[in-house]
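Participant: The structure file work_30.cif (mmCIF, C-alpha atoms) is provided below.
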```
data_data
loop_
_atom_site.group_PDB
_atom_site.id
_atom_site.type_symbol
_atom_site.label_atom_id
_atom_site.label_comp_id
_atom_site.auth_asym_id
_atom_site.auth_seq_id
_atom_site.Cartn_x
_atom_site.Cartn_y
_atom_site.Cartn_z
ATOM 1 C CA MET Y 1 86.577 99.186 109.627
ATOM 2 C CA ASP Y 2 83.704 96.860 110.514
ATOM 3 C CA HIS Y 3 83.631 94.486 107.515
ATOM 4 C CA ILE Y 4 84.656 93.859 103.909
ATOM 5 C CA ASP Y 5 82.242 92.576 101.266
ATOM 6 C CA ALA Y 6 83.466 91.237 97.927
ATOM 7 C CA GLY Y 7 81.661 90.332 94.761
ATOM 8 C CA GLY Y 8 81.707 90.539 90.992
ATOM 9 C CA VAL Y 9 79.072 93.283 90.867
ATOM 10 C CA PRO Y 10 79.008 96.495 92.907
ATOM 11 C CA PRO Y 11 76.592 96.089 95.814
ATOM 12 C CA GLU Y 12 73.905 98.604 96.511
ATOM 13 C CA TYR Y 13 74.794 101.430 98.856
ATOM 14 C CA SER Y 14 73.360 100.996 102.305
ATOM 15 C CA THR Y 15 71.776 103.910 104.120
ATOM 16 C CA GLY Y 16 70.930 104.628 107.679
ATOM 17 C CA SER Y 17 67.364 103.574 106.986
ATOM 18 C CA GLY Y 18 68.445 100.247 105.499
ATOM 19 C CA GLY Y 19 67.248 101.218 102.043
ATOM 20 C CA SER Y 20 68.642 100.306 98.638
ATOM 21 C CA LYS Y 21 68.923 101.622 95.105
ATOM 22 C CA SER Y 22 65.661 100.038 94.097
ATOM 23 C CA THR Y 23 62.166 101.254 94.753
ATOM 24 C CA ASP Y 24 58.672 99.944 94.314
ATOM 25 C CA ILE Y 25 56.659 102.987 93.328
ATOM 26 C CA ALA Y 26 52.922 102.589 93.393
ATOM 27 C CA ALA Y 27 50.973 102.403 90.168
ATOM 28 C CA PRO Y 28 50.153 105.839 88.729
ATOM 29 C CA SER Y 29 46.975 107.363 90.081
ATOM 30 C CA ALA Y 30 45.649 108.143 86.601
ATOM 31 C CA GLU Y 31 43.688 105.347 84.916
ATOM 32 C CA LEU Y 32 42.319 104.900 81.426
ATOM 33 C CA ARG Y 33 38.618 105.325 81.029
ATOM 34 C CA ILE Y 34 37.250 101.915 80.130
ATOM 35 C CA ALA Y 35 33.668 101.508 79.031
ATOM 36 C CA ASN Y 36 31.554 98.844 80.730
ATOM 37 C CA ASP Y 37 31.032 96.998 77.466
ATOM 38 C CA VAL Y 38 34.817 96.684 77.067
ATOM 39 C CA TYR Y 39 35.054 95.139 80.524
ATOM 40 C CA ALA Y 40 32.320 92.665 79.659
ATOM 41 C CA LEU Y 41 33.940 91.829 76.325
ATOM 42 C CA VAL Y 42 37.539 91.345 77.493
ATOM 43 C CA LEU Y 43 37.163 89.583 80.854
ATOM 44 C CA HIS Y 44 35.159 86.381 81.381
ATOM 45 C CA ASP Y 45 35.243 84.167 84.476
ATOM 46 C CA GLY Y 46 38.474 85.722 85.681
ATOM 47 C CA LYS Y 47 40.256 85.248 82.352
ATOM 48 C CA VAL Y 48 41.197 87.398 79.372
ATOM 49 C CA ASP Y 49 39.274 86.640 76.179
ATOM 50 C CA THR Y 50 42.037 86.880 73.561
ATOM 51 C CA ASP Y 51 39.606 86.388 70.673
ATOM 52 C CA ALA Y 52 37.522 89.294 71.937
ATOM 53 C CA LEU Y 53 40.647 91.448 72.154
ATOM 54 C CA ALA Y 54 41.533 90.687 68.544
ATOM 55 C CA LYS Y 55 37.973 91.485 67.481
ATOM 56 C CA LEU Y 56 38.031 94.711 69.491
ATOM 57 C CA GLU Y 57 41.197 95.863 67.734
ATOM 58 C CA LYS Y 58 39.785 94.990 64.321
ATOM 59 C CA GLU Y 59 36.320 96.490 64.706
ATOM 60 C CA SER Y 60 36.595 99.355 67.213
ATOM 61 C CA THR Y 61 38.549 102.590 67.540
ATOM 62 C CA PRO Y 62 42.245 102.578 68.571
ATOM 63 C CA ASP Y 63 41.452 104.131 71.960
ATOM 64 C CA GLN Y 64 38.880 101.412 72.751
ATOM 65 C CA ALA Y 65 41.242 98.657 71.637
ATOM 66 C CA ALA Y 66 44.080 100.180 73.668
ATOM 67 C CA ALA Y 67 41.785 100.309 76.679
ATOM 68 C CA GLY Y 68 41.018 96.633 76.167
ATOM 69 C CA TYR Y 69 44.693 95.689 76.062
ATOM 70 C CA PHE Y 70 45.354 97.859 79.110
ATOM 71 C CA LEU Y 71 42.562 96.120 80.992
ATOM 72 C CA ALA Y 72 43.990 92.732 80.019
ATOM 73 C CA GLY Y 73 47.467 93.791 81.123
ATOM 74 C CA ARG Y 74 46.258 95.064 84.474
ATOM 75 C CA HIS Y 75 44.369 91.818 85.031
ATOM 76 C CA GLU Y 76 47.490 89.758 84.308
ATOM 77 C CA ILE Y 77 49.518 91.873 86.747
ATOM 78 C CA GLU Y 78 46.969 91.092 89.445
ATOM 79 C CA GLN Y 79 47.441 87.402 88.615
ATOM 80 C CA GLY Y 80 51.233 87.715 88.826
ATOM 81 C CA ASN Y 81 51.750 87.139 85.092
ATOM 82 C CA THR Y 82 54.094 90.021 84.369
ATOM 83 C CA LYS Y 83 55.401 88.714 81.046
ATOM 84 C CA THR Y 84 51.906 88.416 79.634
ATOM 85 C CA ALA Y 85 50.988 91.785 81.103
ATOM 86 C CA ARG Y 86 53.954 93.383 79.374
ATOM 87 C CA THR Y 87 52.795 91.978 76.038
ATOM 88 C CA TYR Y 88 49.315 93.434 76.523
ATOM 89 C CA TYR Y 89 50.665 96.831 77.571
ATOM 90 C CA GLU Y 90 52.924 96.907 74.521
ATOM 91 C CA SER Y 91 49.937 96.120 72.312
ATOM 92 C CA ALA Y 92 48.103 99.050 73.882
ATOM 93 C CA LEU Y 93 51.079 101.340 73.261
ATOM 94 C CA ARG Y 94 51.297 100.169 69.668
ATOM 95 C CA LEU Y 95 47.842 101.667 69.216
ATOM 96 C CA GLN Y 96 48.454 104.763 71.362
ATOM 97 C CA PRO Y 97 52.230 105.292 71.587
ATOM 98 C CA GLU Y 98 51.957 108.734 73.182
ATOM 99 C CA ASN Y 99 49.324 107.985 75.797
ATOM 100 C CA VAL Y 100 51.032 109.121 79.006
ATOM 101 C CA ILE Y 101 48.798 106.981 81.230
ATOM 102 C CA LEU Y 102 49.773 103.859 79.314
ATOM 103 C CA LEU Y 103 53.430 104.884 79.350
ATOM 104 C CA ALA Y 104 53.397 105.470 83.094
ATOM 105 C CA HIS Y 105 51.814 102.104 83.887
ATOM 106 C CA TYR Y 106 54.125 100.337 81.430
ATOM 107 C CA THR Y 107 57.168 101.999 83.006
ATOM 108 C CA VAL Y 108 56.122 100.925 86.505
ATOM 109 C CA LEU Y 109 55.754 97.355 85.277
ATOM 110 C CA LEU Y 110 59.240 97.426 83.724
ATOM 111 C CA LEU Y 111 60.755 98.796 86.922
ATOM 112 C CA ARG Y 112 59.065 96.228 89.119
ATOM 113 C CA VAL Y 113 60.471 93.343 87.114
ATOM 114 C CA GLY Y 114 63.911 94.934 86.762
ATOM 115 C CA HIS Y 115 63.968 95.744 83.043
ATOM 116 C CA ARG Y 116 66.478 98.438 82.085
ATOM 117 C CA GLU Y 117 64.083 99.748 79.441
ATOM 118 C CA GLY Y 118 62.126 101.380 82.244
ATOM 119 C CA LEU Y 119 64.327 104.476 82.181
ATOM 120 C CA ALA Y 120 63.883 105.026 78.438
ATOM 121 C CA SER Y 121 60.134 104.536 78.771
ATOM 122 C CA ALA Y 122 59.964 107.050 81.634
ATOM 123 C CA GLU Y 123 61.988 109.613 79.685
ATOM 124 C CA HIS Y 124 59.625 109.182 76.742
ATOM 125 C CA ALA Y 125 56.626 109.716 79.032
ATOM 126 C CA VAL Y 126 58.052 113.042 80.212
ATOM 127 C CA ARG Y 127 58.719 114.150 76.641
ATOM 128 C CA VAL Y 128 55.144 113.288 75.704
ATOM 129 C CA ALA Y 129 53.597 114.954 78.766
ATOM 130 C CA PRO Y 130 55.997 117.468 80.381
ATOM 131 C CA ASP Y 131 53.247 118.649 82.750
ATOM 132 C CA SER Y 132 52.302 115.197 84.066
ATOM 133 C CA ALA Y 133 52.961 114.476 87.740
ATOM 134 C CA ASP Y 134 52.762 110.737 87.047
ATOM 135 C CA ALA Y 135 55.345 110.973 84.280
ATOM 136 C CA TYR Y 136 57.856 112.694 86.569
ATOM 137 C CA ALA Y 137 57.044 110.296 89.411
ATOM 138 C CA VAL Y 138 57.920 107.235 87.336
ATOM 139 C CA LEU Y 139 60.942 109.009 85.845
ATOM 140 C CA GLY Y 140 62.226 109.576 89.360
ATOM 141 C CA ALA Y 141 61.714 105.905 90.180
ATOM 142 C CA ALA Y 142 63.603 104.845 87.054
ATOM 143 C CA GLN Y 143 66.466 107.226 87.765
ATOM 144 C CA TYR Y 144 66.698 106.099 91.375
ATOM 145 C CA ALA Y 145 66.802 102.445 90.348
ATOM 146 C CA SER Y 146 69.656 103.369 87.952
ATOM 147 C CA ASP Y 147 71.747 104.955 90.741
ATOM 148 C CA ARG Y 148 71.000 108.459 89.463
ATOM 149 C CA THR Y 149 69.872 109.688 92.849
ATOM 150 C CA ASN Y 150 70.258 113.433 92.322
ATOM 151 C CA GLU Y 151 68.310 113.264 89.067
ATOM 152 C CA ALA Y 152 65.584 111.269 90.832
ATOM 153 C CA ILE Y 153 65.366 113.957 93.501
ATOM 154 C CA ARG Y 154 64.850 116.632 90.843
ATOM 155 C CA SER Y 155 62.190 114.572 89.061
ATOM 156 C CA TRP Y 156 60.257 113.838 92.241
ATOM 157 C CA LYS Y 157 60.393 117.505 93.237
ATOM 158 C CA ARG Y 158 58.996 118.388 89.817
ATOM 159 C CA SER Y 159 56.220 115.815 90.256
ATOM 160 C CA LEU Y 160 55.286 117.237 93.658
ATOM 161 C CA ALA Y 161 55.292 120.775 92.276
ATOM 162 C CA ILE Y 162 52.600 119.648 89.831
ATOM 163 C CA ARG Y 163 50.569 117.584 92.306
ATOM 164 C CA ALA Y 164 50.945 116.635 95.972
ATOM 165 C CA ASP Y 165 51.406 112.903 96.571
ATOM 166 C CA PRO Y 166 52.357 111.309 99.933
ATOM 167 C CA GLY Y 167 53.937 108.312 98.197
ATOM 168 C CA VAL Y 168 56.220 110.487 96.107
ATOM 169 C CA GLU Y 169 57.043 112.569 99.189
ATOM 170 C CA ARG Y 170 58.255 109.415 100.973
ATOM 171 C CA LEU Y 171 60.385 108.398 97.997
ATOM 172 C CA LEU Y 172 61.885 111.884 97.801
ATOM 173 C CA ALA Y 173 62.775 111.867 101.510
ATOM 174 C CA LYS Y 174 64.491 108.478 101.138
ATOM 175 C CA ALA Y 175 66.458 109.628 98.093
ATOM 176 C CA GLN Y 176 67.589 112.776 99.886
ATOM 177 C CA LYS Y 177 68.904 110.675 102.788
ATOM 178 C CA ASP Y 178 70.737 108.439 100.325
ATOM 179 C CA ALA Y 179 72.277 111.438 98.569
ATOM 180 C CA ALA Y 180 73.561 112.803 101.873
ATOM 181 C CA ALA Y 181 75.067 109.423 102.765
ATOM 182 C CA GLU Y 182 76.738 109.031 99.367
ATOM 183 C CA GLU Y 183 78.519 112.345 99.774
ATOM 184 C CA SER Y 184 80.505 110.857 102.665
ATOM 185 C CA PHE Y 185 81.969 108.067 100.499
ATOM 186 C CA SER Y 186 85.472 108.162 99.048
ATOM 187 C CA GLU Y 187 87.115 105.662 96.735
ATOM 188 C CA ASN Y 188 90.492 104.004 96.081
ATOM 189 C CA GLN Y 189 91.247 101.643 93.200
ATOM 190 C CA SER Y 190 93.799 99.063 92.143
ATOM 191 C CA SER Y 191 93.969 96.708 89.162
ATOM 192 C CA HIS Y 192 91.268 94.375 90.440
ATOM 193 C CA PHE Y 193 89.628 96.111 93.384
ATOM 194 C CA THR Y 194 87.659 99.233 94.146
ATOM 195 C CA LEU Y 195 87.405 100.180 97.806
ATOM 196 C CA ARG Y 196 84.631 102.525 98.828
ATOM 197 C CA PHE Y 197 85.101 104.120 102.243
ATOM 198 C CA GLU Y 198 82.339 105.653 104.296
ATOM 199 C CA GLY Y 199 83.623 108.396 106.569
ATOM 200 C CA LYS Y 200 86.833 110.418 106.579
ATOM 201 C CA GLN Y 201 88.753 108.748 109.409
ATOM 202 C CA THR Y 202 90.710 106.136 107.409
ATOM 203 C CA SER Y 203 94.247 107.238 106.548
ATOM 204 C CA GLU Y 204 95.566 107.108 102.998
ATOM 205 C CA SER Y 205 98.397 104.796 104.065
ATOM 206 C CA LEU Y 206 95.914 102.298 105.502
ATOM 207 C CA ARG Y 207 93.873 102.407 102.320
ATOM 208 C CA ARG Y 208 96.932 101.677 100.178
ATOM 209 C CA ALA Y 209 97.954 98.866 102.543
ATOM 210 C CA ILE Y 210 94.531 97.236 102.254
ATOM 211 C CA LEU Y 211 94.646 97.400 98.462
ATOM 212 C CA SER Y 212 98.171 95.987 98.428
ATOM 213 C CA THR Y 213 97.103 93.077 100.622
ATOM 214 C CA LEU Y 214 94.075 92.365 98.471
ATOM 215 C CA GLU Y 215 96.163 92.393 95.284
ATOM 216 C CA SER Y 216 98.715 90.046 96.899
ATOM 217 C CA GLN Y 217 95.984 87.622 97.916
ATOM 218 C CA TYR Y 218 94.494 87.882 94.441
ATOM 219 C CA ASP Y 219 97.827 86.913 92.829
ATOM 220 C CA GLU Y 220 98.270 83.971 95.201
ATOM 221 C CA LEU Y 221 94.787 82.712 94.420
ATOM 222 C CA ALA Y 222 95.397 83.105 90.685
ATOM 223 C CA GLN Y 223 98.607 81.067 90.918
ATOM 224 C CA MET Y 224 96.928 78.384 93.015
ATOM 225 C CA LEU Y 225 94.127 77.944 90.516
ATOM 226 C CA GLY Y 226 96.391 78.231 87.494
ATOM 227 C CA HIS Y 227 94.588 81.161 85.881
ATOM 228 C CA ARG Y 228 96.962 84.005 85.218
ATOM 229 C CA ARG Y 229 94.934 85.783 82.543
ATOM 230 C CA ALA Y 230 93.448 88.911 83.996
ATOM 231 C CA THR Y 231 90.574 88.774 81.543
ATOM 232 C CA ALA Y 232 89.427 85.524 83.113
ATOM 233 C CA TRP Y 233 88.793 87.203 86.459
ATOM 234 C CA PRO Y 234 86.073 89.596 87.549
ATOM 235 C CA SER Y 235 86.849 93.042 88.856
ATOM 236 C CA PHE Y 236 85.831 93.158 92.498
ATOM 237 C CA PHE Y 237 84.064 96.013 94.198
ATOM 238 C CA THR Y 238 84.813 96.108 97.899
ATOM 239 C CA PRO Y 239 83.037 98.633 100.129
ATOM 240 C CA ILE Y 240 84.666 99.369 103.476
ATOM 241 C CA ARG Y 241 82.805 101.352 106.070
ATOM 242 C CA HIS Y 242 84.711 103.136 108.756
ATOM 243 C CA SER Y 243 82.914 104.211 111.887
ATOM 244 C CA SER Y 244 84.154 107.306 113.657
ATOM 245 C CA THR Y 245 83.044 105.737 116.919
#
```
Reformat the file's structure so that it appears as structure tokens.

Facilitator:
Amino acid sequence: MDHIDAGGVPPEYSTGSGGSKSTDIAAPSAELRIANDVYALVLHDGKVDTDALAKLEKESTPDQAAAGYFLAGRHEIEQGNTKTARTYYESALRLQPENVILLAHYTVLLLRVGHREGLASAEHAVRVAPDSADAYAVLGAAQYASDRTNEAIRSWKRSLAIRADPGVERLLAKAQKDAAAEESFSENQSSHFTLRFEGKQTSESLRRAILSTLESQYDELAQMLGHRRATAWPSFFTPIRHSST
């Protein structure tokens, strides 16, 4: 046993490559076709013309207006304004709710800023376009970020079967390493602690002894602080890694 980590939220699994259960997938390769006049109308002096966007939605076709909102959203991402970008992307999707390119870019944005809605958006993209490599690529990213590693592996394999992509290949290789590492974990629980062991060398008696000690220390701390209600305390997740060397 090399160390014990404690906290109110389960930590991410570590892998031999030092990775984590989050990923920063690149933006989808597919882009909306945006006419030059839309560029000129929406962007001026490095800024989005909101009045022009409103006029575009009122006077042009839905696909042109959606392209304008997409352009505005992409510009705001480049400026680091993710909240504003999300608003623009959602306006584009309001006009074209089943545009897989919009859905893929929107999903990537959600994943990058940590929004849980990213998984639902990715699943919708796959339903809309079951033959889209980008849709499966972002679905894999969303599943991986949600600790659904095996599902992510299947999605990325499906994406690569549709279209080769070095970035997706790297993500798939990382997920496969993580899946192999996770198979070596075992788990023991008590009222307030979950111990996750890496490796098979730790005896069951030692595991029970560790849990017993942790529970004893927990009770002593509760008495010292005067909080006996279990509901007032977080449930701790404590990974313990055992090295066979």

Participant: I'd like the neighbourhood of range 36-40 of chain Y as a list of chain:residue names, where a residue qualifies if any of its atoms comes within 9 Å (using only C-alpha atoms), though same-chain residues fewer than 6 positions away should be ignored.

Facilitator: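 Once the adjacent positions are removed, what remains is Y:Leu56, Y:Gln64, Y:Ala65, Y:Ala67, Y:Gly68, Y:Leu71.
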
Participant: For the provided coordinates, the residues matched by the PyMOL selection byres ((chain Y and resi 92) around 8) should be stated as a list in words.

Facilitator: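 In the shown coordinates, the PyMOL selection byres ((chain Y and resi 92) around 8) covers Ala65, Ala66, Ala67, Gly68, Tyr69, Phe70, Tyr88, Tyr89, Glu90, Ser91, Leu93, Arg94, Leu95, Gln96, Pro97 and Leu102 of chain Y.
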
Participant: Name every residue that the PyMOL selection byres ((chain Y and resi 52) around 10) selects in this structure, writing the answer as a list in words with chains first and numbers rising.

Facilitator: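 Against this file, the PyMOL selection byres ((chain Y and resi 52) around 10) returns the residues Val38, Ala40, Leu41, Val42, Leu43, Val48, Asp49, Thr50, Asp51, Leu53, Ala54, Lys55, Leu56, Glu57, Lys58 and Gly68 of chain Y.
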
Participant: Just give me the gap between CA of His105 in chain Y and CA of Ala137 in chain Y in Å, one decimal is fine.

Facilitator: 11.2 Å

Participant: Since I can't run it myself right now, could you work out what the PyMOL selection byres ((chain Y and resi 211) around 8) selects here and report it as a list in words?

Facilitator: Gln189, Ser190, Phe193, Leu195, Arg207, Arg208, Ala209, Ile210, Ser212, Thr213, Leu214 and Glu215 of chain Y

Participant: For Ser191 in chain Y, which residue out of Y:Gln79, Y:Asp219, Y:Ala164, Y:Ala120 is the nearest one, using only C-alpha atoms?

Facilitator: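 Closest to Ser191 in chain Y, using only C-alpha atoms: Y:Asp219.
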
Participant: Between CA of Ala180 in chain Y and CA of Val168 in chain Y, what is the distance, to one decimal in Å?

Facilitator: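 It comes out at 18.4 Å.
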
Participant: Between CA of Leu109 in chain Y and CA of Leu160 in chain Y, what distance in Å does the model show, to one decimal?

Facilitator: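 Going from CA of Leu109 in chain Y over to CA of Leu160 in chain Y covers 21.6 Å.
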
Participant: Build an axis-aligned box that encloses every atom of range 73-89 of chain Y listed in the file, pad it by 3 Å on each side, and report its centre and edge lengths in Å to one decimal, as AutoDock Vina command-line options.

Facilitator:
```
--center_x 49.9 --center_y 92.0 --center_z 82.7 --size_x 17.0 --size_y 15.7 --size_z 19.4
```

Participant: For Ile77 in chain Y, which residue among Y:Thr61, Y:Asp131, Y:Val113, Y:Gln217 is the nearest when counting only C-alpha atoms?

Facilitator: Y:Val113

Participant: Start from the incomplete input, build N, CA, C and O atoms for range 75-92 of chain Y, and deliver everything as a PDB file, in the frame of the given file.

Facilitator:
```
ATOM      1  N   HIS Y  75      44.867  93.084  84.483  1.00  0.00           N
ATOM      2  CA  HIS Y  75      44.369  91.818  85.031  1.00  0.00           C
ATOM      3  C   HIS Y  75      45.504  90.812  85.209  1.00  0.00           C
ATOM      4  O   HIS Y  75      45.594  90.144  86.246  1.00  0.00           O
ATOM      5  N   GLU Y  76      46.393  90.715  84.217  1.00  0.00           N
ATOM      6  CA  GLU Y  76      47.490  89.758  84.308  1.00  0.00           C
ATOM      7  C   GLU Y  76      48.480  90.147  85.411  1.00  0.00           C
ATOM      8  O   GLU Y  76      49.074  89.278  86.056  1.00  0.00           O
ATOM      9  N   ILE Y  77      48.664  91.446  85.636  1.00  0.00           N
ATOM     10  CA  ILE Y  77      49.518  91.873  86.747  1.00  0.00           C
ATOM     11  C   ILE Y  77      48.940  91.397  88.070  1.00  0.00           C
ATOM     12  O   ILE Y  77      49.656  90.900  88.950  1.00  0.00           O
ATOM     13  N   GLU Y  78      47.628  91.547  88.223  1.00  0.00           N
ATOM     14  CA  GLU Y  78      46.969  91.092  89.445  1.00  0.00           C
ATOM     15  C   GLU Y  78      47.111  89.591  89.642  1.00  0.00           C
ATOM     16  O   GLU Y  78      47.129  89.107  90.779  1.00  0.00           O
ATOM     17  N   GLN Y  79      47.253  88.862  88.540  1.00  0.00           N
ATOM     18  CA  GLN Y  79      47.441  87.402  88.615  1.00  0.00           C
ATOM     19  C   GLN Y  79      48.915  87.014  88.752  1.00  0.00           C
ATOM     20  O   GLN Y  79      49.238  85.833  88.861  1.00  0.00           O
ATOM     21  N   GLY Y  80      49.799  87.997  88.719  1.00  0.00           N
ATOM     22  CA  GLY Y  80      51.233  87.715  88.826  1.00  0.00           C
ATOM     23  C   GLY Y  80      51.892  87.330  87.523  1.00  0.00           C
ATOM     24  O   GLY Y  80      53.045  86.888  87.526  1.00  0.00           O
ATOM     25  N   ASN Y  81      51.205  87.516  86.406  1.00  0.00           N
ATOM     26  CA  ASN Y  81      51.750  87.139  85.092  1.00  0.00           C
ATOM     27  C   ASN Y  81      52.354  88.364  84.407  1.00  0.00           C
ATOM     28  O   ASN Y  81      51.767  88.940  83.477  1.00  0.00           O
ATOM     29  N   THR Y  82      53.524  88.766  84.855  1.00  0.00           N
ATOM     30  CA  THR Y  82      54.094  90.021  84.369  1.00  0.00           C
ATOM     31  C   THR Y  82      54.528  89.961  82.908  1.00  0.00           C
ATOM     32  O   THR Y  82      54.447  90.960  82.193  1.00  0.00           O
ATOM     33  N   LYS Y  83      55.001  88.819  82.449  1.00  0.00           N
ATOM     34  CA  LYS Y  83      55.401  88.714  81.046  1.00  0.00           C
ATOM     35  C   LYS Y  83      54.215  88.912  80.116  1.00  0.00           C
ATOM     36  O   LYS Y  83      54.300  89.630  79.112  1.00  0.00           O
ATOM     37  N   THR Y  84      53.115  88.265  80.444  1.00  0.00           N
ATOM     38  CA  THR Y  84      51.906  88.416  79.634  1.00  0.00           C
ATOM     39  C   THR Y  84      51.387  89.841  79.726  1.00  0.00           C
ATOM     40  O   THR Y  84      50.950  90.437  78.721  1.00  0.00           O
ATOM     41  N   ALA Y  85      51.441  90.407  80.920  1.00  0.00           N
ATOM     42  CA  ALA Y  85      50.988  91.785  81.103  1.00  0.00           C
ATOM     43  C   ALA Y  85      51.803  92.738  80.250  1.00  0.00           C
ATOM     44  O   ALA Y  85      51.249  93.664  79.639  1.00  0.00           O
ATOM     45  N   ARG Y  86      53.108  92.511  80.186  1.00  0.00           N
ATOM     46  CA  ARG Y  86      53.954  93.383  79.374  1.00  0.00           C
ATOM     47  C   ARG Y  86      53.541  93.310  77.905  1.00  0.00           C
ATOM     48  O   ARG Y  86      53.488  94.343  77.213  1.00  0.00           O
ATOM     49  N   THR Y  87      53.219  92.133  77.430  1.00  0.00           N
ATOM     50  CA  THR Y  87      52.795  91.978  76.038  1.00  0.00           C
ATOM     51  C   THR Y  87      51.518  92.775  75.770  1.00  0.00           C
ATOM     52  O   THR Y  87      51.392  93.464  74.741  1.00  0.00           O
ATOM     53  N   TYR Y  88      50.568  92.696  76.698  1.00  0.00           N
ATOM     54  CA  TYR Y  88      49.315  93.434  76.523  1.00  0.00           C
ATOM     55  C   TYR Y  88      49.553  94.949  76.561  1.00  0.00           C
ATOM     56  O   TYR Y  88      48.981  95.702  75.763  1.00  0.00           O
ATOM     57  N   TYR Y  89      50.375  95.398  77.498  1.00  0.00           N
ATOM     58  CA  TYR Y  89      50.665  96.831  77.571  1.00  0.00           C
ATOM     59  C   TYR Y  89      51.351  97.317  76.295  1.00  0.00           C
ATOM     60  O   TYR Y  89      51.067  98.417  75.804  1.00  0.00           O
ATOM     61  N   GLU Y  90      52.245  96.510  75.756  1.00  0.00           N
ATOM     62  CA  GLU Y  90      52.924  96.907  74.521  1.00  0.00           C
ATOM     63  C   GLU Y  90      51.958  96.942  73.345  1.00  0.00           C
ATOM     64  O   GLU Y  90      52.099  97.776  72.440  1.00  0.00           O
ATOM     65  N   SER Y  91      50.969  96.067  73.361  1.00  0.00           N
ATOM     66  CA  SER Y  91      49.937  96.120  72.312  1.00  0.00           C
ATOM     67  C   SER Y  91      49.125  97.399  72.437  1.00  0.00           C
ATOM     68  O   SER Y  91      48.773  98.030  71.431  1.00  0.00           O
ATOM     69  N   ALA Y  92      48.834  97.796  73.666  1.00  0.00           N
ATOM     70  CA  ALA Y  92      48.103  99.050  73.882  1.00  0.00           C
ATOM     71  C   ALA Y  92      48.922 100.239  73.400  1.00  0.00           C
ATOM     72  O   ALA Y  92      48.394 101.145  72.735  1.00  0.00           O
TER      73      ALA Y  92
END
```
